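query-v5.tsv follows; it contains TSV, C-alpha atoms and all ligand atoms.
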```
chain	number	residue	atom	x	y	z
T	290	MET	CA	0.00	0.00	0.00
T	291	LYS	CA	2.75	2.37	1.00
T	292	LYS	CA	4.70	1.49	-2.13
T	293	ASN	CA	1.67	2.22	-4.26
T	294	LEU	CA	1.22	5.63	-2.69
T	295	GLU	CA	4.85	6.32	-3.31
T	296	LYS	CA	4.38	5.38	-6.95
T	297	VAL	CA	1.39	7.67	-7.26
T	298	PHE	CA	3.39	10.43	-5.64
T	299	ILE	CA	6.34	9.96	-7.97
T	300	PHE	CA	4.06	9.71	-11.00
T	301	THR	CA	2.33	12.94	-9.92
T	302	ILE	CA	5.63	14.74	-9.63
T	303	ILE	CA	6.76	13.51	-13.02
T	304	PHE	CA	3.40	14.29	-14.59
T	305	PHE	CA	3.07	17.84	-13.28
T	306	GLY	CA	6.78	18.44	-13.68
T	307	GLY	CA	6.26	17.44	-17.31
T	308	ILE	CA	3.35	19.85	-17.75
T	309	LEU	CA	5.36	22.64	-16.16
T	310	ALA	CA	8.35	21.92	-18.40
T	311	TYR	CA	6.08	21.80	-21.44
T	312	ASN	CA	4.42	25.11	-20.51
T	313	THR	CA	7.75	26.76	-19.88
T	314	TYR	CA	8.98	25.48	-23.20
T	315	SER	CA	5.88	26.52	-25.14
T	316	ASN	CA	5.91	30.01	-23.56
T	317	TYR	CA	9.57	30.30	-24.47
T	318	ALA	CA	8.89	29.12	-28.03
T	319	PHE	CA	5.95	31.53	-28.41
T	320	LYS	CA	8.07	34.42	-27.22
T	321	HIS	CA	11.03	33.69	-29.44
T	322	ASN	CA	9.34	32.58	-32.63
T	323	PRO	CA	7.35	34.48	-35.22
T	324	LEU	CA	3.63	34.63	-34.51
T	325	PRO	CA	1.88	31.33	-35.43
T	326	GLN	CA	-0.13	31.50	-38.64
T	327	SER	CA	-3.39	30.79	-36.79
T	328	TYR	CA	-2.82	33.95	-34.71
T	329	ILE	CA	-2.01	36.03	-37.79
T	330	ASP	CA	-5.20	34.76	-39.46
T	331	ALA	CA	-7.40	35.48	-36.43
T	332	ILE	CA	-6.00	39.02	-36.12
T	333	GLY	CA	-6.43	39.63	-39.87
T	334	ASN	CA	-10.03	38.36	-39.78
T	335	LYS	CA	-10.90	40.64	-36.88
T	336	GLN	CA	-9.28	43.61	-38.58
T	337	SER	CA	-11.38	42.94	-41.70
T	338	GLU	CA	-14.51	42.76	-39.55
T	339	VAL	CA	-13.62	46.08	-37.88
T	340	LEU	CA	-13.06	47.64	-41.32
T	341	ARG	CA	-16.42	46.35	-42.56
T	342	ASN	CA	-18.05	47.94	-39.50
T	343	MET	CA	-16.19	51.19	-40.23
T	344	LYS	CA	-17.51	51.18	-43.78
T	345	LYS	CA	-21.03	50.42	-42.60
T	346	ASN	CA	-21.15	53.02	-39.80
T	347	TYR	CA	-18.88	55.78	-41.08
T	348	GLY	CA	-18.94	55.31	-44.83
T	349	PHE	CA	-15.21	54.93	-45.33
T	350	VAL	CA	-12.40	52.47	-44.69
T	351	TYR	CA	-9.08	53.48	-43.23
T	352	LYS	CA	-6.70	50.62	-42.54
T	353	PHE	CA	-4.35	51.62	-39.75
T	354	PRO	CA	-1.18	49.54	-39.46
T	355	LEU	CA	-1.79	46.81	-36.86
T	356	ILE	CA	1.53	45.68	-35.48
T	357	VAL	CA	2.27	42.85	-33.06
T	358	THR	CA	5.31	43.72	-30.98
T	359	ASN	CA	7.20	42.33	-27.99
T	360	LYS	CA	8.56	45.77	-27.10
T	361	ILE	CA	5.65	46.86	-24.92
T	362	LYS	CA	6.60	46.63	-21.26
T	363	GLY	CA	4.25	45.34	-18.56
T	364	ASN	CA	0.85	43.79	-19.15
T	365	LEU	CA	-0.67	46.46	-21.34
T	366	TYR	CA	-2.68	44.78	-24.12
T	367	GLY	CA	-2.35	47.39	-26.79
T	368	VAL	CA	-1.17	50.89	-27.64
T	369	THR	CA	-2.19	53.44	-30.25
T	370	THR	CA	0.40	55.99	-31.30
T	371	TYR	CA	0.20	59.24	-33.21
T	372	GLU	CA	3.37	60.63	-34.67
T	373	ASN	CA	3.58	63.24	-37.43
T	374	GLY	CA	0.13	62.34	-38.67
T	375	GLN	CA	0.99	58.62	-38.71
T	376	ILE	CA	-1.33	56.51	-36.61
T	377	LYS	CA	-0.36	52.99	-35.64
T	378	VAL	CA	-1.94	50.32	-33.49
T	379	TYR	CA	0.28	47.94	-31.53
T	380	LEU	CA	-0.68	44.70	-29.83
T	381	ASN	CA	1.48	43.34	-27.02
T	382	LYS	CA	2.84	39.92	-27.99
T	383	ASN	CA	4.11	39.34	-24.43
T	384	VAL	CA	0.59	38.95	-23.05
T	385	MET	CA	-1.00	37.55	-26.20
T	386	LYS	CA	-0.73	33.85	-25.46
T	387	GLU	CA	-2.71	34.01	-22.20
T	388	SER	CA	-5.30	36.50	-23.45
T	389	PHE	CA	-5.51	35.91	-27.18
T	390	GLU	CA	-9.28	35.69	-27.49
T	391	TYR	CA	-9.76	38.89	-25.49
T	392	MET	CA	-7.10	40.67	-27.48
T	393	VAL	CA	-8.74	39.78	-30.77
T	394	ASP	CA	-12.37	40.36	-29.72
T	395	GLU	CA	-11.92	43.44	-27.55
T	396	VAL	CA	-8.49	45.03	-27.86
T	397	ILE	CA	-8.49	45.37	-31.66
T	398	PRO	CA	-11.78	47.36	-31.81
T	399	HIS	CA	-10.72	49.25	-28.66
T	400	GLU	CA	-7.42	50.45	-30.16
T	401	TYR	CA	-8.94	50.95	-33.60
T	402	ALA	CA	-11.49	53.31	-32.02
T	403	HIS	CA	-8.62	55.38	-30.57
T	404	ALA	CA	-6.96	55.38	-33.99
T	405	LEU	CA	-10.13	56.45	-35.78
T	406	LEU	CA	-10.71	59.35	-33.37
T	407	MET	CA	-7.09	60.48	-33.77
T	408	TYR	CA	-7.57	60.29	-37.52
T	409	LYS	CA	-10.70	62.46	-37.18
T	410	GLY	CA	-8.68	65.00	-35.21
T	411	TYR	CA	-9.84	64.20	-31.68
T	412	LEU	CA	-6.39	64.15	-30.15
T	413	ASN	CA	-7.14	65.43	-26.68
T	414	GLU	CA	-10.11	63.46	-25.55
T	415	ASN	CA	-10.94	63.41	-21.87
T	416	LYS	CA	-10.55	60.33	-19.63
T	417	LYS	CA	-7.27	59.54	-21.36
T	418	GLY	CA	-9.15	58.99	-24.58
T	419	HIS	CA	-11.94	56.85	-23.13
T	420	SER	CA	-14.70	59.38	-23.65
T	421	ALA	CA	-18.34	58.68	-24.45
T	422	ARG	CA	-17.44	59.49	-28.06
T	423	TRP	CA	-14.71	56.87	-28.01
T	424	GLU	CA	-16.99	54.27	-26.42
T	425	ASN	CA	-19.54	54.85	-29.15
T	426	VAL	CA	-16.93	54.39	-31.91
T	427	CYS	CA	-15.54	51.29	-30.17
T	428	LYS	CA	-19.00	49.68	-30.12
T	429	ASN	CA	-19.67	50.72	-33.72
T	430	LEU	CA	-16.46	48.95	-34.72
T	431	GLY	CA	-17.58	45.73	-33.05
T	432	GLY	CA	-16.24	46.01	-29.48
T	433	LYS	CA	-18.48	44.56	-26.78
T	434	GLU	CA	-16.98	45.86	-23.55
T	435	CYS	CA	-15.34	49.12	-24.64
T	436	ARG	CA	-13.90	49.99	-21.26
T	437	GLN	CA	-10.58	51.45	-20.28
T	438	TYR	CA	-8.07	48.80	-19.22
T	439	VAL	CA	-7.50	49.18	-15.50
T	440	ASN	CA	-5.07	52.06	-14.85
T	441	HIS	CA	-3.57	51.77	-18.25
T	442	GLU	CA	-2.50	54.66	-20.40
T	443	GLU	CA	-2.28	53.42	-23.92
T	444	ILE	CA	-2.61	56.42	-26.19
T	445	ILE	CA	0.72	57.89	-27.05
T	446	ASN	CA	1.43	61.12	-28.77
T	447	GLY	CA	4.77	60.30	-30.38
T	448	LYS	CA	6.89	57.21	-30.85
T	449	LEU	CA	6.56	54.09	-28.75
T	450	PRO	CA	8.65	55.11	-25.73
T	451	PHE	CA	10.34	51.75	-25.45
T	501	ZN	ZN	-7.89	52.70	-24.55
```

Can you turn what I pasted into structure tokens?
Amino acid sequence: MKKNLEKVFIFTIIFFGGILAYNTYSNYAFKHNPLPQSYIDAIGNKQSEVLRNMKKNYGFVYKFPLIVTNKIKGNLYGVTTYENGQIKVYLNKNVMKESFEYMVDEVIPHEYAHALLMYKGYLNENKKGHSARWENVCKNLGGKECRQYVNHEEIINGKLPF
């Protein structure tokens, strides 16, 4: 009986040790390899959906560059930058693996709404950009939540500061 328990114990250690090693490895691989094609496709599909909504609700299509980067520090999901009239949307690759569905469904319309308002000349919106006007655009572009990320400033006038 004791021996059996010991075996179970050892098996458990090996099993969970294996899962941990696998997770560590797959996180490492995700971080150091180009984005998997399935991720690229999902992001591209969502961007097309947002653009269709833009066409439907605003009558025009403006495709802002949507860039996946590992240069964003901390757990910010996304950033929109405005520099010399150039508007770009960045998604944080470092937090993408754990929150991919949320990033696609919510963060893309969220950042795109910031980009669209910048494009329309609303550069100094109140609530760090999360105004009622912004929320309306975010929902029109297909966002469901359209809330500010907790304590996160993610509209940048200028280059990415990192
Ligand atoms: Zn925002």

Throw together the list of residues within 7 Å of ligand ZN 501 (chain T), counting only C-alpha atoms and all ligand atoms, and drop it here as a PDB file with C-alpha atoms, keeping the file's coordinate frame.
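Final output, saved to part12.pdb:
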```pdb
ATOM      1  CA  HIS T 399     -10.720  49.250 -28.660  1.00  0.00           C
ATOM      2  CA  GLU T 400      -7.420  50.450 -30.160  1.00  0.00           C
ATOM      3  CA  HIS T 403      -8.620  55.380 -30.570  1.00  0.00           C
ATOM      4  CA  GLY T 418      -9.150  58.990 -24.580  1.00  0.00           C
ATOM      5  CA  HIS T 419     -11.940  56.850 -23.130  1.00  0.00           C
ATOM      6  CA  GLN T 437     -10.580  51.450 -20.280  1.00  0.00           C
ATOM      7  CA  TYR T 438      -8.070  48.800 -19.220  1.00  0.00           C
ATOM      8  CA  GLU T 443      -2.280  53.420 -23.920  1.00  0.00           C
ATOM      9  CA  ILE T 444      -2.610  56.420 -26.190  1.00  0.00           C
TER      10      ILE T 444
END
```

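One finds atom CA of T:Val384 at 6.2 Å from atom CA of T:Asn364.
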
Centre and edge lengths, as JSON, for the axis-aligned box enclosing every listed atom of stretch 378-381 of chain T with 5 Å of padding on each of the six sides, in Å to one decimal?
```
{"center_x": -0.2, "center_y": 46.8, "center_z": -30.3, "size_x": 13.4, "size_y": 17.0, "size_z": 16.5}
```

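Residues within 10 Å of T:Val426, counting only C-alpha atoms and excluding same-chain residues fewer than 2 positions away, are T:Met343, T:Asn346, T:Tyr347, T:Pro398, T:His399, T:Tyr401, T:Ala402, T:His403, T:Leu405, T:Leu406, T:Ser420, T:Ala421, T:Arg422, T:Trp423, T:Glu424, T:Lys428, T:Asn429, T:Leu430, T:Gly431, T:Gly432, T:Cys435.
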
Any chance you could export the current selection's C-alpha atoms as a compact mmCIF listing (two decimals), in the coordinates of the input?
```
# COMPACT_ATOMS: atom_id res chain seq x y z
CA MET T 343 -16.19 51.19 -40.23
CA ASN T 346 -21.15 53.02 -39.80
CA TYR T 347 -18.88 55.78 -41.08
CA PRO T 398 -11.78 47.36 -31.81
CA HIS T 399 -10.72 49.25 -28.66
CA TYR T 401 -8.94 50.95 -33.60
CA ALA T 402 -11.49 53.31 -32.02
CA HIS T 403 -8.62 55.38 -30.57
CA LEU T 405 -10.13 56.45 -35.78
CA LEU T 406 -10.71 59.35 -33.37
CA SER T 420 -14.70 59.38 -23.65
CA ALA T 421 -18.34 58.68 -24.45
CA ARG T 422 -17.44 59.49 -28.06
CA TRP T 423 -14.71 56.87 -28.01
CA GLU T 424 -16.99 54.27 -26.42
CA LYS T 428 -19.00 49.68 -30.12
CA ASN T 429 -19.67 50.72 -33.72
CA LEU T 430 -16.46 48.95 -34.72
CA GLY T 431 -17.58 45.73 -33.05
CA GLY T 432 -16.24 46.01 -29.48
CA CYS T 435 -15.34 49.12 -24.64
```

- Using only C-alpha atoms, what residues lie at most 9 Å away from (4.0, 53.3, -27.9) (file coordinates), given as a ChimeraX atom specification? /T:360-361,367-371,377-379,443-451

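Distances to T:Leu355 were evaluated for T:Lys320, T:Val396, T:Ser327, T:Asn413 using only C-alpha atoms, and the minimum falls at T:Val396.
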
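In terms of minimum interatomic distance to T:Gly333, T:Lys352 ranks closest within T:Lys352, T:Gly363, T:Thr313, T:Lys292, counting all atoms listed in the file.
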
- Near-T:Tyr328 list (10 Å; only C-alpha atoms; drop same-chain fewer than 3 positions) as a ChimeraX atom specification: /T:324-325,331-334,385-386,389-390,393

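Rounded to one decimal, atom CA of T:Asn383 and atom CA of T:Leu365 lie 9.1 Å from each other.
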
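From atom CA of T:Val350 back to atom CA of T:Leu380, the distance works out to 20.5 Å.
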
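Among the candidates T:Glu372, T:Glu295, T:Glu387, T:Glu395, the residue lying nearest to T:Glu434 is T:Glu395 (atoms considered: all atoms listed in the file).
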